[in-house]
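These notes concern the structure reproduced below.
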Amino acid sequence: MKSVLKSVAIPLVQALVVLLFLSWLAAGKAQAAIEVHQFDNPVLQKRYDSLTAALRCPKCQNQAIGDSDSPIAGDMRQNVANLLNDGRSDSEIQNFMVARFGEYVLYNPRLDGRTWLLWGGPAALIALGLLIVALIVRARRRARVRALDDDEQARLSALLDRHRDAGNAPQDAKERS
Amino acid sequence: MNLRRLVLFLPLVVVVGLGAFLYQRLDDDPYARDSALLSRPFPAFSLSTLGDPQASLDASLLKGQVSLVNVWGEWCPTCKHEMPQLLDLANRGVHMVGVDYKDKRAKGRQFLEEFGDPFSVNLFDPDGTLGFDLGVYGAPETFLVDAEGVIRYHHTGYIRPEDVRDVILPTLERIAKPATGAAGEEASS
């Protein structure tokens, strides 16, 4: 029994080790595909990292240029690095990319005529929700406090009377039987 | 009371409207979007040609006549399929300018020998610098440039024969007319 267990367990462990090794290799390869721009200046490095994370690759579906190994993303990273070394500002670099690839490349679209709904929509929806809640709360509070007027009082009494009659009816029937 | 009932349907109306809007956008090609360069001058460049490494051409090449600029490369399979359409346009007398993008000179020349050469001149852009300034993120891409050197139309990807008939030729005809001064009509493409 023990030897059967051994004959199963050992190949299983071996297979796992091989799999781990292969996945480690693959991970190393995937990282190697994106070249790393090193800056001596840590501030530039930080700006490079945040710019390449916030610029969208025009060729790939929903990847930042910092995450994509497509050739155009590589070219864009190279341009970002060059422009940073030239002393350009973040917004100048973004303008440079937008002039070539359109607003599409900005993961944080700017506020303009076409994007006001995008930026203002959530705030407007929250405001609308708060307004509706406030209206409901106010309506309920008012309904609780308000006394009945004469007309309503009369209707209420009539309803109560009718209900009392209806409630008595089956009892009458029971007494009769 | 009746009005309050109607208000209850408001969320339904909103959801159906939103659903219709999103459904209609479902078929959109995620790669299709307007070029950032429409109505802008063709970017400045200084490049040699595929035929002559000593040549030096700049954007004045595109002034004075309507041109079709096609960005291609030997490494681009779609460019081979597109060649018959480009040859057809060249036969109709369209001024064709090629940009051999991120290519080797020998391979680019071999490509033209094999699949035909509709271009009156081929700019050689081995580093893709002109391609980058054009916002090219693949090949083939095609631009129509008017006589003033302003980009008036951008086609991303493969040009089908029906695109030549339905879009390229009518657009060429439209921009060949002398400018009327109305910049607004350019947006219609």
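Just so we're on the same page: first chain in the structure tokens is A, next is B, and so on; residues restart at 1 for each chain, and ligands are numbered from 1 in the order they show up.
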
Residues of stretch 50-96 of chain A at most 10 Å from stretch 100-115 of chain A: nearest atom pair and distance in Å, only C-alpha atoms, as CSV:
residue,atom,partner,partner_atom,distance
A:Leu51,CA,A:Leu106,CA,9.7
A:Ala53,CA,A:Tyr107,CA,8.7
A:Ala54,CA,A:Tyr107,CA,5.4
A:Leu55,CA,A:Leu106,CA,5.2
A:Arg56,CA,A:Val105,CA,4.4
A:Cys57,CA,A:Val105,CA,6.5
A:Pro58,CA,A:Val105,CA,6.4
A:Asn62,CA,A:Tyr107,CA,9.3
A:Gln63,CA,A:Tyr107,CA,9.8
A:Ala64,CA,A:Tyr107,CA,8.2
A:Ile65,CA,A:Val105,CA,9.1
A:Gln94,CA,A:Leu106,CA,7.6
A:Asn95,CA,A:Arg100,CA,8.7
A:Phe96,CA,A:Arg100,CA,6.8

Any chance you could tabulate, as a tab-separated table, the residues of stretch 99-144 of chain B at most 8 Å from stretch 78-86 of chain B with each one's nearest atom pair and distance in Å to one decimal, using only C-alpha atoms, in chain and rising number order?
residue	atom	partner	partner_atom	distance
B:Phe115	CA	B:Lys80	CA	6.7
B:Gly116	CA	B:Met83	CA	7.1
B:Pro118	CA	B:Leu86	CA	6.2
B:Ala139	CA	B:Cys79	CA	7.2
B:Pro140	CA	B:Cys79	CA	5.7

Counting only C-alpha atoms, which residue out of A:Ala139, A:Ala123, A:Leu128, A:Met76 sits closest to A:Val98?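 Distance minimum relative to A:Val98 lands on A:Met76.
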
Extract the full set of strand (DSSP E or B) residues from chain A according to DSSP on the backbone, and format it as a PyMOL selection string. chain A and resi 55-56+64+106

Counting only C-alpha atoms, which of A:Ala99, A:Ile10, A:Asn82, A:Ile93 gets nearest to chain B?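 With only C-alpha atoms as the atom set, the closest residue is A:Ala99.
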
Would you tabulate, counting only C-alpha atoms, all residues of stretch 12-100 of chain B that have an atom at most 10 Å from an atom of stretch 149-167 of chain B, showing the closest pair of atoms and their distance in Å to one decimal, sorted by chain then ascending number, as CSV?
residue,atom,partner,partner_atom,distance
B:Tyr31,CA,B:Thr156,CA,8.2
B:Ala32,CA,B:Thr156,CA,7.2
B:Arg33,CA,B:Thr156,CA,8.7
B:Asp34,CA,B:His154,CA,7.6
B:Ser35,CA,B:His154,CA,6.3
B:Ala36,CA,B:His154,CA,9.4
B:Leu37,CA,B:Ile151,CA,6.6
B:Leu38,CA,B:Ile151,CA,5.4
B:Ser39,CA,B:Ile151,CA,5.4
B:Arg40,CA,B:Val150,CA,5.5
B:Pro41,CA,B:Val150,CA,4.1
B:Phe42,CA,B:Val150,CA,5.6
B:Pro43,CA,B:Gly149,CA,9.2
B:Ala59,CA,B:Gly149,CA,7.6
B:Ser60,CA,B:Gly149,CA,7.7
B:Leu61,CA,B:Gly149,CA,8.6
B:Leu62,CA,B:Gly149,CA,5.4
B:Lys63,CA,B:Gly149,CA,5.0
B:Gly64,CA,B:Gly149,CA,7.7
B:Gln65,CA,B:Gly149,CA,8.2
B:Val66,CA,B:Gly149,CA,8.0
B:Ser67,CA,B:Gly149,CA,8.6
B:Leu68,CA,B:Tyr153,CA,9.5
B:Val69,CA,B:His154,CA,9.5
B:Asn70,CA,B:His155,CA,9.3
B:Val71,CA,B:Gly157,CA,9.8
B:Thr78,CA,B:Tyr158,CA,6.3
B:Cys79,CA,B:Tyr158,CA,7.4
B:Lys80,CA,B:Tyr158,CA,9.8
B:His81,CA,B:Tyr158,CA,7.9
B:Glu82,CA,B:Ile159,CA,6.0
B:Met83,CA,B:Ile159,CA,9.1
B:Pro84,CA,B:Pro161,CA,8.5
B:Gln85,CA,B:Pro161,CA,5.9
B:Leu86,CA,B:Ile159,CA,8.5
B:Asp88,CA,B:Val164,CA,8.8
B:Leu89,CA,B:Val164,CA,7.7

Produce a file of the selected residues containing N, CA and C atoms, as an mmCIF file, in the first residue's frame.
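So the final result, stored in part_37.cif, reads:
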data_model
loop_
_atom_site.group_PDB
_atom_site.id
_atom_site.type_symbol
_atom_site.label_atom_id
_atom_site.label_comp_id
_atom_site.auth_asym_id
_atom_site.auth_seq_id
_atom_site.Cartn_x
_atom_site.Cartn_y
_atom_site.Cartn_z
ATOM 1 N N TYR B 31 -11.215 49.513 -32.867
ATOM 2 C CA TYR B 31 -10.018 50.130 -33.442
ATOM 3 C C TYR B 31 -10.357 51.357 -34.280
ATOM 4 N N ALA B 32 -11.639 51.470 -34.668
ATOM 5 C CA ALA B 32 -12.015 52.584 -35.541
ATOM 6 C C ALA B 32 -12.215 53.844 -34.706
ATOM 7 N N ARG B 33 -11.371 54.829 -34.930
ATOM 8 C CA ARG B 33 -11.605 56.113 -34.307
ATOM 9 C C ARG B 33 -10.955 57.167 -35.182
ATOM 10 N N ASP B 34 -11.470 58.376 -35.076
ATOM 11 C CA ASP B 34 -10.977 59.427 -35.943
ATOM 12 C C ASP B 34 -9.516 59.717 -35.642
ATOM 13 N N SER B 35 -8.775 59.953 -36.696
ATOM 14 C CA SER B 35 -7.381 60.328 -36.518
ATOM 15 C C SER B 35 -7.302 61.680 -35.841
ATOM 16 N N ALA B 36 -6.273 61.823 -34.994
ATOM 17 C CA ALA B 36 -6.071 63.110 -34.346
ATOM 18 C C ALA B 36 -5.550 64.133 -35.346
ATOM 19 N N LEU B 37 -5.162 63.670 -36.548
ATOM 20 C CA LEU B 37 -4.496 64.574 -37.487
ATOM 21 C C LEU B 37 -5.422 65.139 -38.556
ATOM 22 N N LEU B 38 -6.721 64.756 -38.528
ATOM 23 C CA LEU B 38 -7.644 65.281 -39.535
ATOM 24 C C LEU B 38 -7.651 66.802 -39.486
ATOM 25 N N SER B 39 -7.628 67.405 -40.678
ATOM 26 C CA SER B 39 -7.626 68.862 -40.827
ATOM 27 C C SER B 39 -6.340 69.502 -40.311
ATOM 28 N N ARG B 40 -5.325 68.713 -40.077
ATOM 29 C CA ARG B 40 -4.044 69.275 -39.631
ATOM 30 C C ARG B 40 -3.012 69.091 -40.745
ATOM 31 N N PRO B 41 -1.995 69.957 -40.797
ATOM 32 C CA PRO B 41 -0.963 69.797 -41.830
ATOM 33 C C PRO B 41 -0.212 68.488 -41.647
ATOM 34 N N PHE B 42 0.197 67.914 -42.757
ATOM 35 C CA PHE B 42 1.013 66.702 -42.706
ATOM 36 C C PHE B 42 2.271 67.001 -41.898
ATOM 37 N N PRO B 43 2.655 66.109 -40.954
ATOM 38 C CA PRO B 43 3.798 66.417 -40.086
ATOM 39 C C PRO B 43 5.093 66.621 -40.874
ATOM 40 N N ALA B 59 8.183 67.696 -46.309
ATOM 41 C CA ALA B 59 6.730 67.734 -46.488
ATOM 42 C C ALA B 59 6.301 68.560 -47.692
ATOM 43 N N SER B 60 7.219 69.321 -48.299
ATOM 44 C CA SER B 60 6.840 70.079 -49.490
ATOM 45 C C SER B 60 6.488 69.130 -50.645
ATOM 46 N N LEU B 61 6.931 67.875 -50.519
ATOM 47 C CA LEU B 61 6.572 66.834 -51.490
ATOM 48 C C LEU B 61 5.058 66.728 -51.689
ATOM 49 N N LEU B 62 4.308 67.054 -50.642
ATOM 50 C CA LEU B 62 2.862 66.839 -50.683
ATOM 51 C C LEU B 62 2.080 68.114 -51.040
ATOM 52 N N LYS B 63 2.794 69.156 -51.371
ATOM 53 C CA LYS B 63 2.122 70.414 -51.717
ATOM 54 C C LYS B 63 1.862 70.462 -53.219
ATOM 55 N N GLY B 64 0.772 71.106 -53.592
ATOM 56 C CA GLY B 64 0.520 71.378 -55.000
ATOM 57 C C GLY B 64 -0.393 70.386 -55.685
ATOM 58 N N GLN B 65 -0.605 69.242 -55.061
ATOM 59 C CA GLN B 65 -1.550 68.286 -55.648
ATOM 60 C C GLN B 65 -2.100 67.381 -54.549
ATOM 61 N N VAL B 66 -3.256 66.810 -54.825
ATOM 62 C CA VAL B 66 -3.842 65.878 -53.867
ATOM 63 C C VAL B 66 -3.043 64.581 -53.901
ATOM 64 N N SER B 67 -2.689 64.062 -52.717
ATOM 65 C CA SER B 67 -1.896 62.833 -52.672
ATOM 66 C C SER B 67 -2.543 61.803 -51.763
ATOM 67 N N LEU B 68 -2.269 60.542 -52.093
ATOM 68 C CA LEU B 68 -2.621 59.454 -51.186
ATOM 69 C C LEU B 68 -1.325 58.952 -50.570
ATOM 70 N N VAL B 69 -1.256 58.950 -49.234
ATOM 71 C CA VAL B 69 -0.061 58.473 -48.542
ATOM 72 C C VAL B 69 -0.408 57.148 -47.872
ATOM 73 N N ASN B 70 0.326 56.104 -48.259
ATOM 74 C CA ASN B 70 0.068 54.765 -47.728
ATOM 75 C C ASN B 70 1.273 54.298 -46.920
ATOM 76 N N VAL B 71 1.020 53.954 -45.652
ATOM 77 C CA VAL B 71 2.084 53.461 -44.780
ATOM 78 C C VAL B 71 2.082 51.935 -44.853
ATOM 79 N N THR B 78 -1.148 42.250 -44.494
ATOM 80 C CA THR B 78 -2.333 42.906 -45.058
ATOM 81 C C THR B 78 -1.947 43.827 -46.212
ATOM 82 N N CYS B 79 -0.702 44.381 -46.131
ATOM 83 C CA CYS B 79 -0.257 45.295 -47.182
ATOM 84 C C CYS B 79 -0.214 44.596 -48.546
ATOM 85 N N LYS B 80 0.074 43.279 -48.538
ATOM 86 C CA LYS B 80 0.107 42.536 -49.802
ATOM 87 C C LYS B 80 -1.291 42.451 -50.404
ATOM 88 N N HIS B 81 -2.269 42.188 -49.521
ATOM 89 C CA HIS B 81 -3.646 42.058 -50.013
ATOM 90 C C HIS B 81 -4.196 43.391 -50.489
ATOM 91 N N GLU B 82 -3.615 44.462 -49.974
ATOM 92 C CA GLU B 82 -4.128 45.783 -50.292
ATOM 93 C C GLU B 82 -3.573 46.283 -51.632
ATOM 94 N N MET B 83 -2.454 45.684 -52.072
ATOM 95 C CA MET B 83 -1.750 46.193 -53.255
ATOM 96 C C MET B 83 -2.634 46.334 -54.502
ATOM 97 N N PRO B 84 -3.486 45.340 -54.826
ATOM 98 C CA PRO B 84 -4.307 45.509 -56.041
ATOM 99 C C PRO B 84 -5.167 46.779 -55.997
ATOM 100 N N GLN B 85 -5.689 47.108 -54.815
ATOM 101 C CA GLN B 85 -6.513 48.310 -54.697
ATOM 102 C C GLN B 85 -5.652 49.560 -54.923
ATOM 103 N N LEU B 86 -4.415 49.532 -54.394
ATOM 104 C CA LEU B 86 -3.529 50.688 -54.568
ATOM 105 C C LEU B 86 -3.111 50.831 -56.034
ATOM 106 N N ASP B 88 -4.869 49.913 -58.555
ATOM 107 C CA ASP B 88 -6.057 50.421 -59.228
ATOM 108 C C ASP B 88 -6.127 51.942 -59.107
ATOM 109 N N LEU B 89 -5.875 52.444 -57.880
ATOM 110 C CA LEU B 89 -5.905 53.896 -57.661
ATOM 111 C C LEU B 89 -4.810 54.587 -58.470
#

Chain B contacts to chain A at 6 Å (only C-alpha atoms) as a PyMOL selection string: chain B and resi 36+133+135+137

Alpha helix (DSSP H) positions in stretch 17-173 of chain A, given as a count of residues only: 110
